[in-house]
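Trainee: First the structure, which I've put down as structure tokens, then a few questions once you've had a look.
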Amino acid sequence: MELLFQHESYNIVGACMTVHKKLGPGFLESVYAEALELEFKKSEIAYVKEKKLPVFYDDLKMKKYFIADFVCYDSIILELKASKFTTDSDIKQTLNNIKATQFKLGLLINFGTPSLSYKRIVN
């Protein structure tokens with residue numbers, strides 16, 4: 001069984017690993033976001049930073065919206081963290097965000113650990 005957006009995910013995680021390797025843990029999330037944007041440009045990864053996404057309830061568009069840290073390839077939501085660990089709450093929040101915005105895949109990326117940690121979250 002092939003992974004959803006396998007090639008795209010590989011490119012995104014590779015860019016995140018490059019940023020983590022150069023900066024290491026300990027910075028604010030905003031520092032990683034800015035560095036990641038530079039790495040995405042260098043790697044020619046299609047992205048939109050802080051993209052405002054409509055939220056749906058029973059297939060009806062709501063007035064509220066969600067702002068994704070990044071949307072890559074018009075199909076993958078990136079949720080960035082810079083903490084010592086990710087929690088079940090972080091995973092559930094990412095899952096809820098991809099469900100509510102009708103995306104198929106989210107990547108939860110944590111730069112705050114000694115080695116980059118990431119989780120693929122499929123809707």
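Scheme for the structure tokens: letters A, B, ... for chains in order shown; per-chain residue numbers from 1; ligand numbers from 1 in order shown.
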Taking only residues of segment 14-83 of chain A that have an atom at most 7 Å from an atom of segment 89-110 of chain A, what is each one's shortest atom pair and its distance in Å to one decimal, using only C-alpha atoms, in chain and number order, as a tab-separated table?

Mentor:
```
residue	atom	partner	partner_atom	distance
A:Leu53	CA	A:Thr101	CA	6.5
A:Pro54	CA	A:Thr101	CA	6.0
A:Val55	CA	A:Thr101	CA	4.9
A:Phe56	CA	A:Ala100	CA	5.3
A:Tyr57	CA	A:Ala100	CA	6.9
A:Ser75	CA	A:Phe103	CA	6.5
A:Ile76	CA	A:Leu105	CA	5.3
A:Ile77	CA	A:Gly106	CA	4.6
A:Leu78	CA	A:Leu107	CA	4.9
A:Glu79	CA	A:Leu108	CA	4.9
A:Leu80	CA	A:Ile109	CA	5.0
A:Lys81	CA	A:Asn110	CA	4.5
A:Ala82	CA	A:Asn110	CA	5.4
A:Ser83	CA	A:Asn110	CA	6.7
```

Trainee: From the DSSP assignment of the backbone, select every residue of segment 3-103 of chain A that is strand (DSSP E or B), and format the answer as a ChimeraX atom specification.

Mentor: /A:47-57,60-72,76-81

Trainee: Would you mind exporting the chosen residues as an mmCIF file, in the first residue's frame, restricted to C-alpha atoms?

Mentor:
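Saved result, selection_23.cif, follows:
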```cif
data_model
loop_
_atom_site.group_PDB
_atom_site.id
_atom_site.type_symbol
_atom_site.label_atom_id
_atom_site.label_comp_id
_atom_site.auth_asym_id
_atom_site.auth_seq_id
_atom_site.Cartn_x
_atom_site.Cartn_y
_atom_site.Cartn_z
ATOM 1 C CA TYR A 47 4.048 26.280 -0.040
ATOM 2 C CA VAL A 48 1.903 29.014 1.470
ATOM 3 C CA LYS A 49 2.856 30.267 4.932
ATOM 4 C CA GLU A 50 0.107 31.018 7.471
ATOM 5 C CA LYS A 51 -2.629 30.130 5.006
ATOM 6 C CA LYS A 52 -6.175 30.928 6.071
ATOM 7 C CA LEU A 53 -8.363 27.863 5.448
ATOM 8 C CA PRO A 54 -12.147 27.623 5.618
ATOM 9 C CA VAL A 55 -13.614 25.306 8.246
ATOM 10 C CA PHE A 56 -16.528 23.027 7.376
ATOM 11 C CA TYR A 57 -19.244 21.506 9.515
ATOM 12 C CA LEU A 60 -21.204 23.676 5.244
ATOM 13 C CA LYS A 61 -18.590 26.414 5.227
ATOM 14 C CA MET A 62 -18.440 28.167 8.586
ATOM 15 C CA LYS A 63 -17.561 31.804 9.313
ATOM 16 C CA LYS A 64 -14.583 30.681 11.380
ATOM 17 C CA TYR A 65 -11.327 29.700 9.732
ATOM 18 C CA PHE A 66 -8.100 27.953 10.592
ATOM 19 C CA ILE A 67 -4.657 29.392 9.895
ATOM 20 C CA ALA A 68 -2.209 26.650 8.979
ATOM 21 C CA ASP A 69 1.472 27.183 9.741
ATOM 22 C CA PHE A 70 2.123 26.010 6.175
ATOM 23 C CA VAL A 71 0.186 24.359 3.380
ATOM 24 C CA CYS A 72 2.522 22.562 0.984
ATOM 25 C CA ILE A 76 -0.609 18.936 3.014
ATOM 26 C CA ILE A 77 -1.100 20.927 6.220
ATOM 27 C CA LEU A 78 2.027 21.434 8.324
ATOM 28 C CA GLU A 79 1.657 22.055 12.031
ATOM 29 C CA LEU A 80 4.931 23.194 13.607
ATOM 30 C CA LYS A 81 5.925 22.766 17.238
#
```

Trainee: Hey, could you make a per-residue contact list for segment 27-49 of chain A against segment 7-14 of chain A with 9 Å as the cut-off, showing the nearest pair of atoms and its distance in Å to one decimal, counting only C-alpha atoms, sorted by chain and number, as CSV?

Mentor:
```
residue,atom,partner,partner_atom,distance
A:Phe40,CA,A:Ile12,CA,7.8
A:Ser43,CA,A:Asn11,CA,8.2
A:Ile45,CA,A:Ile12,CA,7.5
```

Trainee: Using N, CA and C atoms, can you write the selected residues to a file as a PDB file, in the first residue's frame?

Mentor:
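again.pdb written:
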```
ATOM      1  N   PHE A  40      12.273  25.826   2.041  1.00  0.00           N
ATOM      2  CA  PHE A  40      11.270  25.474   1.021  1.00  0.00           C
ATOM      3  C   PHE A  40      11.575  26.181  -0.294  1.00  0.00           C
ATOM      4  N   SER A  43      14.584  24.550  -1.893  1.00  0.00           N
ATOM      5  CA  SER A  43      14.259  23.199  -2.370  1.00  0.00           C
ATOM      6  C   SER A  43      13.130  23.173  -3.392  1.00  0.00           C
ATOM      7  N   ILE A  45       9.955  23.743  -2.995  1.00  0.00           N
ATOM      8  CA  ILE A  45       8.748  23.104  -2.475  1.00  0.00           C
ATOM      9  C   ILE A  45       7.633  24.133  -2.494  1.00  0.00           C
TER      10      ILE A  45
END
```

Trainee: I'd like the contact shell of segment 112-115 of chain A - 8 Å cut-off, only C-alpha atoms, skipping same-chain residues fewer than 6 positions apart - returned as a ChimeraX atom specification.

Mentor: /A:20,24-27,81-85

Trainee: Could you write out, as a short mmCIF file (atom, residue, chain, number, x, y, z; two decimals) with N, CA and C atoms, in the first residue's frame, all the residues of chain A that DSSP marks as alpha helix (DSSP H)?

Mentor:
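File produced: states_21.cif:
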```cif
data_model
loop_
_atom_site.label_atom_id
_atom_site.label_comp_id
_atom_site.auth_asym_id
_atom_site.auth_seq_id
_atom_site.Cartn_x
_atom_site.Cartn_y
_atom_site.Cartn_z
N GLN A 6 3.41 10.51 -0.74
CA GLN A 6 4.69 9.99 -0.28
C GLN A 6 5.87 10.88 -0.71
N HIS A 7 5.95 11.19 -1.98
CA HIS A 7 7.07 11.99 -2.51
C HIS A 7 7.08 13.39 -1.89
N GLU A 8 5.91 14.01 -1.82
CA GLU A 8 5.80 15.35 -1.27
C GLU A 8 6.18 15.37 0.21
N SER A 9 5.68 14.37 0.96
CA SER A 9 6.00 14.28 2.39
C SER A 9 7.49 14.11 2.60
N TYR A 10 8.11 13.29 1.79
CA TYR A 10 9.54 13.07 1.87
C TYR A 10 10.30 14.38 1.68
N ASN A 11 9.89 15.17 0.70
CA ASN A 11 10.54 16.46 0.44
C ASN A 11 10.38 17.41 1.62
N ILE A 12 9.18 17.47 2.17
CA ILE A 12 8.89 18.37 3.29
C ILE A 12 9.71 17.97 4.52
N VAL A 13 9.67 16.69 4.87
CA VAL A 13 10.40 16.21 6.05
C VAL A 13 11.91 16.40 5.85
N GLY A 14 12.38 16.20 4.65
CA GLY A 14 13.80 16.44 4.35
C GLY A 14 14.19 17.89 4.59
N ALA A 15 13.34 18.82 4.17
CA ALA A 15 13.60 20.24 4.41
C ALA A 15 13.58 20.54 5.91
N CYS A 16 12.65 19.93 6.63
CA CYS A 16 12.58 20.12 8.08
C CYS A 16 13.83 19.58 8.77
N MET A 17 14.31 18.43 8.30
CA MET A 17 15.52 17.84 8.88
C MET A 17 16.73 18.74 8.64
N THR A 18 16.79 19.35 7.46
CA THR A 18 17.88 20.27 7.16
C THR A 18 17.86 21.45 8.11
N VAL A 19 16.69 22.03 8.32
CA VAL A 19 16.55 23.16 9.24
C VAL A 19 16.95 22.73 10.65
N HIS A 20 16.46 21.58 11.10
CA HIS A 20 16.77 21.10 12.45
C HIS A 20 18.26 20.84 12.61
N LYS A 21 18.88 20.28 11.58
CA LYS A 21 20.31 19.98 11.64
C LYS A 21 21.12 21.27 11.78
N LYS A 22 20.69 22.32 11.10
CA LYS A 22 21.43 23.59 11.14
C LYS A 22 21.16 24.39 12.40
N LEU A 23 19.92 24.35 12.92
CA LEU A 23 19.57 25.17 14.08
C LEU A 23 19.56 24.39 15.40
N GLU A 29 9.17 28.64 17.85
CA GLU A 29 8.54 28.10 16.64
C GLU A 29 8.68 29.06 15.46
N SER A 30 8.57 30.36 15.73
CA SER A 30 8.64 31.36 14.65
C SER A 30 10.01 31.36 13.96
N VAL A 31 11.07 31.05 14.68
CA VAL A 31 12.41 30.97 14.08
C VAL A 31 12.47 29.80 13.10
N TYR A 32 11.94 28.66 13.54
CA TYR A 32 11.92 27.49 12.65
C TYR A 32 11.04 27.74 11.43
N ALA A 33 9.92 28.42 11.62
CA ALA A 33 9.02 28.71 10.49
C ALA A 33 9.73 29.58 9.45
N GLU A 34 10.46 30.58 9.92
CA GLU A 34 11.17 31.46 8.97
C GLU A 34 12.28 30.70 8.25
N ALA A 35 13.04 29.89 8.99
CA ALA A 35 14.10 29.10 8.37
C ALA A 35 13.52 28.08 7.40
N LEU A 36 12.40 27.48 7.77
CA LEU A 36 11.76 26.48 6.91
C LEU A 36 11.27 27.12 5.61
N GLU A 37 10.75 28.32 5.71
CA GLU A 37 10.32 29.03 4.50
C GLU A 37 11.51 29.23 3.55
N LEU A 38 12.67 29.59 4.08
CA LEU A 38 13.87 29.75 3.25
C LEU A 38 14.28 28.41 2.63
N GLU A 39 14.19 27.35 3.41
CA GLU A 39 14.55 26.01 2.92
C GLU A 39 13.56 25.53 1.85
N PHE A 40 12.27 25.83 2.04
CA PHE A 40 11.27 25.47 1.02
C PHE A 40 11.58 26.18 -0.29
N LYS A 41 11.94 27.45 -0.23
CA LYS A 41 12.28 28.21 -1.45
C LYS A 41 13.48 27.57 -2.13
N LYS A 42 14.51 27.27 -1.33
CA LYS A 42 15.73 26.68 -1.87
C LYS A 42 15.46 25.32 -2.50
N SER A 43 14.58 24.55 -1.89
CA SER A 43 14.26 23.20 -2.37
C SER A 43 13.13 23.17 -3.39
N ASP A 88 -0.76 14.02 22.95
CA ASP A 88 -1.95 13.51 22.27
C ASP A 88 -2.83 14.68 21.82
N SER A 89 -2.84 15.74 22.61
CA SER A 89 -3.63 16.93 22.28
C SER A 89 -3.13 17.56 20.97
N ASP A 90 -1.81 17.61 20.77
CA ASP A 90 -1.24 18.15 19.53
C ASP A 90 -1.68 17.31 18.33
N ILE A 91 -1.65 15.99 18.52
CA ILE A 91 -2.05 15.07 17.44
C ILE A 91 -3.53 15.24 17.12
N LYS A 92 -4.36 15.29 18.16
CA LYS A 92 -5.80 15.47 17.96
C LYS A 92 -6.13 16.81 17.32
N GLN A 93 -5.41 17.85 17.72
CA GLN A 93 -5.63 19.17 17.13
C GLN A 93 -5.30 19.14 15.64
N THR A 94 -4.19 18.52 15.28
CA THR A 94 -3.81 18.43 13.87
C THR A 94 -4.84 17.61 13.10
N LEU A 95 -5.29 16.50 13.67
CA LEU A 95 -6.32 15.69 13.02
C LEU A 95 -7.61 16.49 12.84
N ASN A 96 -8.04 17.19 13.87
CA ASN A 96 -9.25 18.01 13.76
C ASN A 96 -9.10 19.08 12.69
N ASN A 97 -7.91 19.68 12.60
CA ASN A 97 -7.69 20.72 11.60
C ASN A 97 -7.77 20.17 10.18
N ILE A 98 -7.20 18.99 9.94
CA ILE A 98 -7.28 18.45 8.58
C ILE A 98 -8.69 17.97 8.26
N LYS A 99 -9.40 17.44 9.25
CA LYS A 99 -10.79 17.04 9.01
C LYS A 99 -11.67 18.25 8.72
N ALA A 100 -11.56 19.27 9.56
CA ALA A 100 -12.44 20.45 9.44
C ALA A 100 -12.17 21.24 8.17
#
```

Trainee: What does the distance between atom CA of Tyr73 of chain A and atom CA of Lys119 of chain A come to in Å, to one decimal place?

Mentor: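 Interatomic distance here is 17.7 Å.
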
Trainee: Using Å and a single decimal, report how far atom CA of Leu4 of chain A sits from atom CA of Tyr118 of chain A.

Mentor: 15.4 Å
